[in-house]
Amino acid sequence: MNRHPDGGGPRRGPLLALFCAALVLFNFPMLTVFDRDATVFGLPLLGVALFAIWAGLIGLLAWISERRPERRSGRRHRKDLS
Amino acid sequence: MVAAPVVLAISLGYLLLLFAVAAHGDRRGAQGRSVIGNPWVYALSWAVYSSAWTYFGSVGRAAAGGIWFLPVYLGPMLAMLLAWIVLRKMVRIAQTYRITSIADFIASRYGKSPLLAAAVTLITVVGILPYIALQVKAVSAGYDLLVHGADQPAPPRATWWQNGTLAVTLALAAFTIVFGTRHLDSAERHEGMVAAIAFESLVKLGAFLAVGVFVTWGMFDGPADIWARAQAFPELQSLLRLGGGEGAGAFGHTQWFAMTILSMFSVLLLPRQFQMMVVECVDERHIRRAAWVFSAYLLLINIFVLPLAIGGLVHFGPGGGMDPETFVLSLPMAEGATALALVAYIGGMSAATGMLIVETVAVSTMVCNDLVMPTLLRLPGFGARAGGDVTRLLLNIRRAAIVAVLLLGYAYYRIAGDAYALVSIGLISFAAVTQFAPALLGGIYWRGGTAAGALAGLLGGFAVWAYTLMLPSMAKSGWLPAGFLDGPFPLLAPEALLGMTGLDNLTHSLFWSLLVNVGLYVGLSLSRAPSAREATQALLFVDVFERGGGAAEPAPIFWRGRARLEDLVGLATRLLGPLRAQQLFQEHAAETGAASVEAITADARLVDRVERQLAGAVGSASARVLVASVVQEEPLGIADVIEILDEASQLRVYARALEEKSLSLEAATAELRAANEALKSLDHMKDDFMSSVTHELRTPLTSIRALTELMLDTPDMEEAQREEFLRIVVGESERLSRLVNQVLDMAKMESGHAEWRIADVDMRALVSDAVRLTAGMFDERGAQVLMDLPATVPVIRADPDRLTQVLLNLLTNAAKFVPQEGGRAEVVLRAGTGDLAVMVRDNGPGIPPDQRAAVFERFRQVGDAATRPPGTGLGLPISRRIVEHFGGEMWVETAPGGGACFAFRLPLDPEEGAGGGGKRWASRC
């Protein structure tokens, strides 16, 4: 098991930012923006918007999670030997 | 309609398939080729979140409240965004301290309090039982619908033993016992069960999507068509507006927010979720991918909910008598797609059974470890010092708990039936487990929480939950007098505490229960300092990433006292079984370097290890009691804790210092090795030098000696002959002294003791003088010397005598090598920017490219030894050193005519060093 505190995974910053964004997007009053009688491709706007936001969040989460972590040049391991 | 035996046969067939999948998973796990050790299966196992409440209930809620079915799935999305941060910490804690249930987790955090563990277990059982009943009902209702058809009223219930539901429940109990309690595993991992649950998740997703596609594109012409046809029903218009459905009128945004938060916590805190996400986690790195895969799963399984709900309402007509919760089954049935209806039924069954299996495994572990075991341990004659293997007993308690939980769920369903309590039970259960959030999440991020605070918060929150949500739901079902809803005083009305109005009952209950919960937790925690044990556990939990016992930094062990090895062995054998106990002590012996199990010292590390293993088997609270009963412990005070921590951090400092030392040692070793190599090669060179010098000295000595001996032995030698010999002797002596001088010269230069007399030098004059001095030699060989000097050259700073030596050396060389006839040498002086270059060309045989480097080595005279002119082999090396001393460089090229071209370059000011103009000048050769 990887014992490094970061676990080599995504950094906290982007995840927390995404969480806050989701909290805003999924709640009042943001939802009232989509709450109207319009339709998109014949579908009610509110439903389409909620699913689209949801899918977008999943996409971003997947992107943040799966991209290769950029090398944080050895804060821990590489020591200055000069 | 489908014949009852067919449905039963298919149900049992499906359960058999589950058995096969689980058996396969267990077998592969035993072979070490786990099928669950990847993030995809891990994510699918999380999808146990989608129970029958999702599968059938979502459509029902969507038909009634439109978009309001969504918050229950948006909450998990929020949770998943933080899974890598929060869930990973929970997993790390659980795996480090061998925690196997949520009750154990909370109890362990607050000083391994048995009371807390029992409280969490009780809350779980009370909160979850109706939820279990709901799953049983779903299976039963689906069965009824398939067998009796949708349009007929369900026949009066058959007596309980004729009902297929009981058979399914018992079959599930059997499955859960076989794969949930096959053996006592200290990590409580169930490979086969997880494999089966992941498989079930695929089945229910596939079935739901199949029905969705069938309805959307088979019965209608795509989702837009469904919506277009819904326009005919004005009452459906509001479904996709925020104010629609339940909220009628104004948008109940507090309720929306409450449901999002509720489900966000539930996806982490429901016993089945905790079991799958935390306890069954194979590798915490899997969370990274599982988080978004699980989110995508939820999105997929919800994508057809609205089309199904609205399509069903359009098809059957709003208020058409058909229960929207059965649309998944009744829509295909209405179209005569019986096979699809069966598939949908299997999907619903997989949703229900998955939830039932995992929930009962989780709850049975909690009941066994946190309710039954602590009670048993108090019984006289059962304490830790009693003998006998209890592993079998432990398993049997769990098996009994599984059967009991499932049967209780079944009984609840039989009694409660279609009561209101069952319909809304999903969210009520969510609200119950949300009471764990302050103690659990607070516990892993805040060190100040204490057991008293956690216990009070949990019980207070639970009491408020029961009073404001659970009991009112019972009152509405008619089990309590309706007057209950008015409360003893108007201010204490369960659904309007202190007269709070304007909130729906769920939000109202959530607000008050969490307020009481958090208030008591924080308030009591702050009012009293944590005990030593609470403080140590807080430290181990909050700082799990820093102190969790990585390879480099051992975790601090907060234990002091005396233990006897045999007591610990006896205890472990009793609770883990002889095999596992033996393995445990052998591993410990191997790690501590003890020669055998008998030679282990019973120190704090061993006690900690045994306790952790026991915690895996019976829960941390019971393990604590058991261990404490066989060892003599010194009670730890806060001062002791700080001391132990200091020791640990001291150790950490030492370890780090040691690591740095060894690193610098390594570096030093490397440097020394390099220096040694350099010294060796220098030594080797010196040896070479010595042997070359002696060799060179011997040659003239030999001829001198031979000639003088000859003269001594031949007194009557002719005068002319003698004179000739003496001339040779003189010549050889001169050569000898020249050689010695040169060697001394070289040695001085190399050791840095040579004397340099720096003056302004005019190279034009220097070159002319040198040519004049060597003119005799060229004349002897009939060769001519040409000079190519510019009109003026800058003055350089150098030692004129040494430079003359260099020029003489090069000219002498040229003179030696020019051919007998038509020999020609040329000296060229050129001024560049910042430096001067001198080239001496001849039309001799030249130097092959592969030997060019060698001519500058000491005593290396290139060419055939027999035909080459005599020399010491030191002239060129000395010349090169002189040039290099002044910051220049010397090299050799092939002259245009095929001869050799020796060239050197000198910077005008030696301080500026070599500028690398060699190649530039070389091209002029």
# chains A, B, ... in the order shown; residues from 1 in each chain; ligands from 1
$ residues_around --residues "A:Gly59" --least-positions-apart "4" --cutoff "9 Å" --atoms "only C-alpha atoms" --output "PyMOL selection string"
(chain A and resi 54-55+63-64) or (chain B and resi 292+296)
$ closest_atom_pairs --of "chain A" --to "chain B" --cutoff "9 Å" --atoms "only C-alpha atoms" --output "Markdown table"
| residue | atom | partner | partner_atom | distance |
| --- | --- | --- | --- | --- |
| A:Met1 | CA | B:Asp283 | CA | 6.7 |
| A:Asn2 | CA | B:Arg285 | CA | 7.8 |
| A:Arg3 | CA | B:Gly550 | CA | 5.9 |
| A:His4 | CA | B:Phe545 | CA | 7.7 |
| A:Pro5 | CA | B:Phe545 | CA | 5.4 |
| A:Asp6 | CA | B:Phe545 | CA | 8.8 |
| A:Gly7 | CA | B:Arg285 | CA | 7.0 |
| A:Gly8 | CA | B:Arg285 | CA | 8.4 |
| A:Gly9 | CA | B:Arg288 | CA | 6.9 |
| A:Pro10 | CA | B:Trp84 | CA | 7.7 |
| A:Arg11 | CA | B:Ile85 | CA | 8.9 |
| A:Arg12 | CA | B:Ile85 | CA | 6.9 |
| A:Leu15 | CA | B:Leu81 | CA | 6.0 |
| A:Leu16 | CA | B:Leu82 | CA | 6.9 |
| A:Leu18 | CA | B:Leu81 | CA | 7.0 |
| A:Phe19 | CA | B:Leu81 | CA | 5.7 |
| A:Cys20 | CA | B:Leu78 | CA | 8.8 |
| A:Ala22 | CA | B:Leu78 | CA | 6.7 |
| A:Leu23 | CA | B:Leu78 | CA | 7.2 |
| A:Phe26 | CA | B:Leu74 | CA | 7.5 |
| A:Asn27 | CA | B:Phe257 | CA | 6.5 |
| A:Phe28 | CA | B:His253 | CA | 5.8 |
| A:Pro29 | CA | B:His253 | CA | 8.1 |
| A:Leu31 | CA | B:Leu242 | CA | 8.0 |
| A:Thr32 | CA | B:Leu242 | CA | 7.6 |
| A:Phe34 | CA | B:Arg241 | CA | 8.9 |
| A:Asp35 | CA | B:Arg241 | CA | 5.8 |
| A:Arg36 | CA | B:Arg241 | CA | 7.0 |
| A:Asp37 | CA | B:Arg241 | CA | 7.9 |
| A:Phe41 | CA | B:Ala224 | CA | 7.0 |
| A:Gly42 | CA | B:Ala224 | CA | 4.8 |
| A:Leu43 | CA | B:Ala224 | CA | 5.5 |
| A:Pro44 | CA | B:Leu240 | CA | 6.6 |
| A:Leu45 | CA | B:Leu240 | CA | 8.2 |
| A:Leu46 | CA | B:Leu240 | CA | 6.4 |
| A:Gly47 | CA | B:Leu240 | CA | 6.6 |
| A:Leu50 | CA | B:Leu70 | CA | 8.8 |
| A:Phe51 | CA | B:Leu299 | CA | 7.7 |
| A:Trp54 | CA | B:Leu299 | CA | 7.6 |
| A:Ala55 | CA | B:Leu299 | CA | 7.5 |
| A:Leu57 | CA | B:Met77 | CA | 8.3 |
| A:Ile58 | CA | B:Trp292 | CA | 5.8 |
| A:Gly59 | CA | B:Trp292 | CA | 7.9 |
| A:Leu61 | CA | B:Trp292 | CA | 6.1 |
| A:Ala62 | CA | B:Trp292 | CA | 5.6 |
| A:Ser65 | CA | B:Arg288 | CA | 5.7 |
| A:Glu66 | CA | B:Arg289 | CA | 7.1 |
| A:Leu81 | CA | B:Ala667 | CA | 7.7 |
$ select_by_dssp --residues "stretch 5-75 of chain A" --states "helix (DSSP H, G or I)" --output "JSON list (two decimals) with C-alpha atoms, in the first residue's frame"
[["chain", "number", "residue", "atom", "x", "y", "z"],
["A", 12, "ARG", "CA", -7.00, 18.67, -2.47],
["A", 13, "GLY", "CA", -7.35, 22.12, -3.94],
["A", 14, "PRO", "CA", -9.13, 21.25, -7.19],
["A", 15, "LEU", "CA", -11.36, 18.72, -5.44],
["A", 16, "LEU", "CA", -12.45, 21.21, -2.81],
["A", 17, "ALA", "CA", -13.06, 23.86, -5.46],
["A", 18, "LEU", "CA", -15.15, 21.42, -7.48],
["A", 19, "PHE", "CA", -17.12, 20.49, -4.37],
["A", 20, "CYS", "CA", -17.94, 24.13, -3.67],
["A", 21, "ALA", "CA", -18.90, 24.67, -7.30],
["A", 22, "ALA", "CA", -21.20, 21.64, -7.16],
["A", 23, "LEU", "CA", -22.77, 22.85, -3.94],
["A", 24, "VAL", "CA", -23.64, 26.15, -5.60],
["A", 25, "LEU", "CA", -24.74, 24.66, -8.91],
["A", 30, "MET", "CA", -28.74, 28.76, -9.00],
["A", 31, "LEU", "CA", -31.46, 26.30, -9.94],
["A", 32, "THR", "CA", -33.99, 29.06, -10.50],
["A", 33, "VAL", "CA", -31.92, 30.10, -13.52],
["A", 45, "LEU", "CA", -34.81, 22.79, -19.52],
["A", 46, "LEU", "CA", -34.55, 22.06, -15.81],
["A", 47, "GLY", "CA", -34.09, 18.32, -16.19],
["A", 48, "VAL", "CA", -31.61, 18.72, -19.02],
["A", 49, "ALA", "CA", -29.64, 21.32, -17.05],
["A", 50, "LEU", "CA", -29.42, 19.20, -13.91],
["A", 51, "PHE", "CA", -28.23, 16.15, -15.78],
["A", 52, "ALA", "CA", -25.81, 18.23, -17.83],
["A", 53, "ILE", "CA", -24.29, 19.81, -14.70],
["A", 54, "TRP", "CA", -24.09, 16.38, -13.15],
["A", 55, "ALA", "CA", -22.37, 14.89, -16.17],
["A", 56, "GLY", "CA", -20.02, 17.85, -16.34],
["A", 57, "LEU", "CA", -19.01, 17.38, -12.71],
["A", 58, "ILE", "CA", -18.35, 13.69, -13.30],
["A", 59, "GLY", "CA", -16.24, 14.56, -16.31],
["A", 60, "LEU", "CA", -14.21, 17.08, -14.33],
["A", 61, "LEU", "CA", -13.82, 14.68, -11.43],
["A", 62, "ALA", "CA", -12.64, 11.97, -13.78],
["A", 63, "TRP", "CA", -10.22, 14.37, -15.42],
["A", 64, "ILE", "CA", -8.80, 15.55, -12.09],
["A", 65, "SER", "CA", -8.57, 12.00, -10.81],
["A", 66, "GLU", "CA", -7.07, 10.35, -13.84]]
$ atom_distance --atom1 "atom CA of B:Val827" --atom2 "atom CA of B:Arg764"
10.8 Å
$ atom_distance --atom1 "atom CA of B:Leu810" --atom2 "atom CA of B:Gly887"
18.6 Å
$ residues_around --residues "stretch 267-272 of chain B" --least-positions-apart "2" --cutoff "6 Å" --atoms "only C-alpha atoms" --output "JSON, numbers by chain"
{"B": [76, 263, 264, 265, 274, 275, 358, 359, 362]}
$ residues_around --residues "stretch 468-480 of chain B" --least-positions-apart "5" --cutoff "9 Å" --atoms "only C-alpha atoms" --output "list in words"
Gly127, Ala416, Ala419, Tyr420, Ala421, Leu422, Ser424, Ile425, Ile428, Ala431, Ala463, Leu485, Ala493, Pro494, Glu495, Ala496, Leu497, Asn505, Leu506, His508, Ser509, Leu510, Trp512 and Ser513 of chain B
$ atom_distance --atom1 "atom CA of B:Ala400" --atom2 "atom CA of B:Gly180"
12.1 Å
$ decode --residues "stretch 570-605 of chain B" --atoms "N, CA and C atoms" --output "tab-separated table (two decimals), in the first residue's frame"
chain	number	residue	atom	x	y	z
B	570	GLY	N	-2.50	-17.30	24.73
B	570	GLY	CA	-3.76	-17.97	25.07
B	570	GLY	C	-4.96	-17.18	24.57
B	571	LEU	N	-4.91	-15.87	24.79
B	571	LEU	CA	-6.03	-15.02	24.38
B	571	LEU	C	-6.21	-15.05	22.86
B	572	ALA	N	-5.09	-14.90	22.16
B	572	ALA	CA	-5.16	-14.87	20.70
B	572	ALA	C	-5.67	-16.21	20.17
B	573	THR	N	-5.18	-17.30	20.76
B	573	THR	CA	-5.60	-18.61	20.30
B	573	THR	C	-7.10	-18.78	20.48
B	574	ARG	N	-7.56	-18.26	21.57
B	574	ARG	CA	-8.97	-18.44	21.89
B	574	ARG	C	-9.87	-17.66	20.91
B	575	LEU	N	-9.43	-16.48	20.56
B	575	LEU	CA	-10.31	-15.64	19.75
B	575	LEU	C	-10.03	-15.71	18.26
B	576	LEU	N	-8.81	-16.06	17.91
B	576	LEU	CA	-8.48	-16.09	16.48
B	576	LEU	C	-8.38	-17.51	15.95
B	577	GLY	N	-8.35	-18.47	16.85
B	577	GLY	CA	-8.12	-19.84	16.43
B	577	GLY	C	-6.63	-20.10	16.46
B	578	PRO	N	-6.24	-21.39	16.70
B	578	PRO	CA	-4.82	-21.70	16.87
B	578	PRO	C	-3.97	-21.32	15.66
B	579	LEU	N	-4.53	-21.53	14.47
B	579	LEU	CA	-3.72	-21.33	13.26
B	579	LEU	C	-3.32	-19.86	13.11
B	580	ARG	N	-4.34	-19.01	13.17
B	580	ARG	CA	-4.09	-17.57	12.97
B	580	ARG	C	-3.24	-17.01	14.09
B	581	ALA	N	-3.47	-17.51	15.31
B	581	ALA	CA	-2.70	-17.02	16.44
B	581	ALA	C	-1.23	-17.36	16.25
B	582	GLN	N	-0.98	-18.60	15.85
B	582	GLN	CA	0.41	-19.03	15.65
B	582	GLN	C	1.08	-18.17	14.58
B	583	GLN	N	0.32	-17.93	13.52
B	583	GLN	CA	0.83	-17.11	12.42
B	583	GLN	C	1.20	-15.71	12.93
B	584	LEU	N	0.31	-15.17	13.75
B	584	LEU	CA	0.51	-13.83	14.29
B	584	LEU	C	1.81	-13.75	15.07
B	585	PHE	N	2.03	-14.73	15.97
B	585	PHE	CA	3.22	-14.65	16.80
B	585	PHE	C	4.48	-14.97	16.00
B	586	GLN	N	4.35	-15.82	15.02
B	586	GLN	CA	5.54	-16.11	14.19
B	586	GLN	C	5.95	-14.87	13.41
B	587	GLU	N	4.94	-14.17	12.88
B	587	GLU	CA	5.27	-12.94	12.15
B	587	GLU	C	5.95	-11.94	13.07
B	588	HIS	N	5.41	-11.85	14.28
B	588	HIS	CA	6.00	-10.89	15.21
B	588	HIS	C	7.43	-11.28	15.54
B	589	ALA	N	7.65	-12.59	15.73
B	589	ALA	CA	9.00	-13.05	16.03
B	589	ALA	C	9.93	-12.70	14.89
B	590	ALA	N	9.46	-12.91	13.66
B	590	ALA	CA	10.31	-12.64	12.50
B	590	ALA	C	10.64	-11.15	12.42
B	591	GLU	N	9.64	-10.31	12.73
B	591	GLU	CA	9.87	-8.87	12.59
B	591	GLU	C	10.76	-8.31	13.67
B	592	THR	N	10.66	-8.90	14.88
B	592	THR	CA	11.46	-8.34	15.96
B	592	THR	C	12.81	-9.06	16.08
B	593	GLY	N	12.99	-10.06	15.25
B	593	GLY	CA	14.27	-10.73	15.27
B	593	GLY	C	14.40	-11.74	16.40
B	594	ALA	N	13.27	-12.13	16.98
B	594	ALA	CA	13.33	-13.15	18.03
B	594	ALA	C	13.57	-14.51	17.39
B	595	ALA	N	14.30	-15.34	18.12
B	595	ALA	CA	14.68	-16.63	17.54
B	595	ALA	C	13.48	-17.53	17.36
B	596	SER	N	12.55	-17.48	18.29
B	596	SER	CA	11.36	-18.34	18.19
B	596	SER	C	10.20	-17.62	18.87
B	597	VAL	N	9.04	-18.23	18.76
B	597	VAL	CA	7.87	-17.60	19.37
B	597	VAL	C	8.06	-17.49	20.88
B	598	GLU	N	8.72	-18.50	21.46
B	598	GLU	CA	8.91	-18.48	22.92
B	598	GLU	C	9.85	-17.35	23.34
B	599	ALA	N	10.68	-16.92	22.41
B	599	ALA	CA	11.69	-15.92	22.77
B	599	ALA	C	11.19	-14.49	22.63
B	600	ILE	N	9.94	-14.32	22.22
B	600	ILE	CA	9.42	-12.97	22.05
B	600	ILE	C	9.30	-12.28	23.41
B	601	THR	N	9.72	-11.00	23.45
B	601	THR	CA	9.47	-10.24	24.67
B	601	THR	C	8.05	-9.67	24.57
B	602	ALA	N	7.33	-9.82	25.66
B	602	ALA	CA	5.95	-9.32	25.67
B	602	ALA	C	5.97	-7.84	25.97
B	603	ASP	N	6.32	-7.04	24.97
B	603	ASP	CA	6.42	-5.60	25.19
B	603	ASP	C	5.18	-4.89	24.65
B	604	ALA	N	5.21	-3.58	24.70
B	604	ALA	CA	4.06	-2.80	24.26
B	604	ALA	C	3.72	-3.09	22.80
B	605	ARG	N	4.76	-3.29	21.99
B	605	ARG	CA	4.51	-3.51	20.56
B	605	ARG	C	3.70	-4.79	20.34
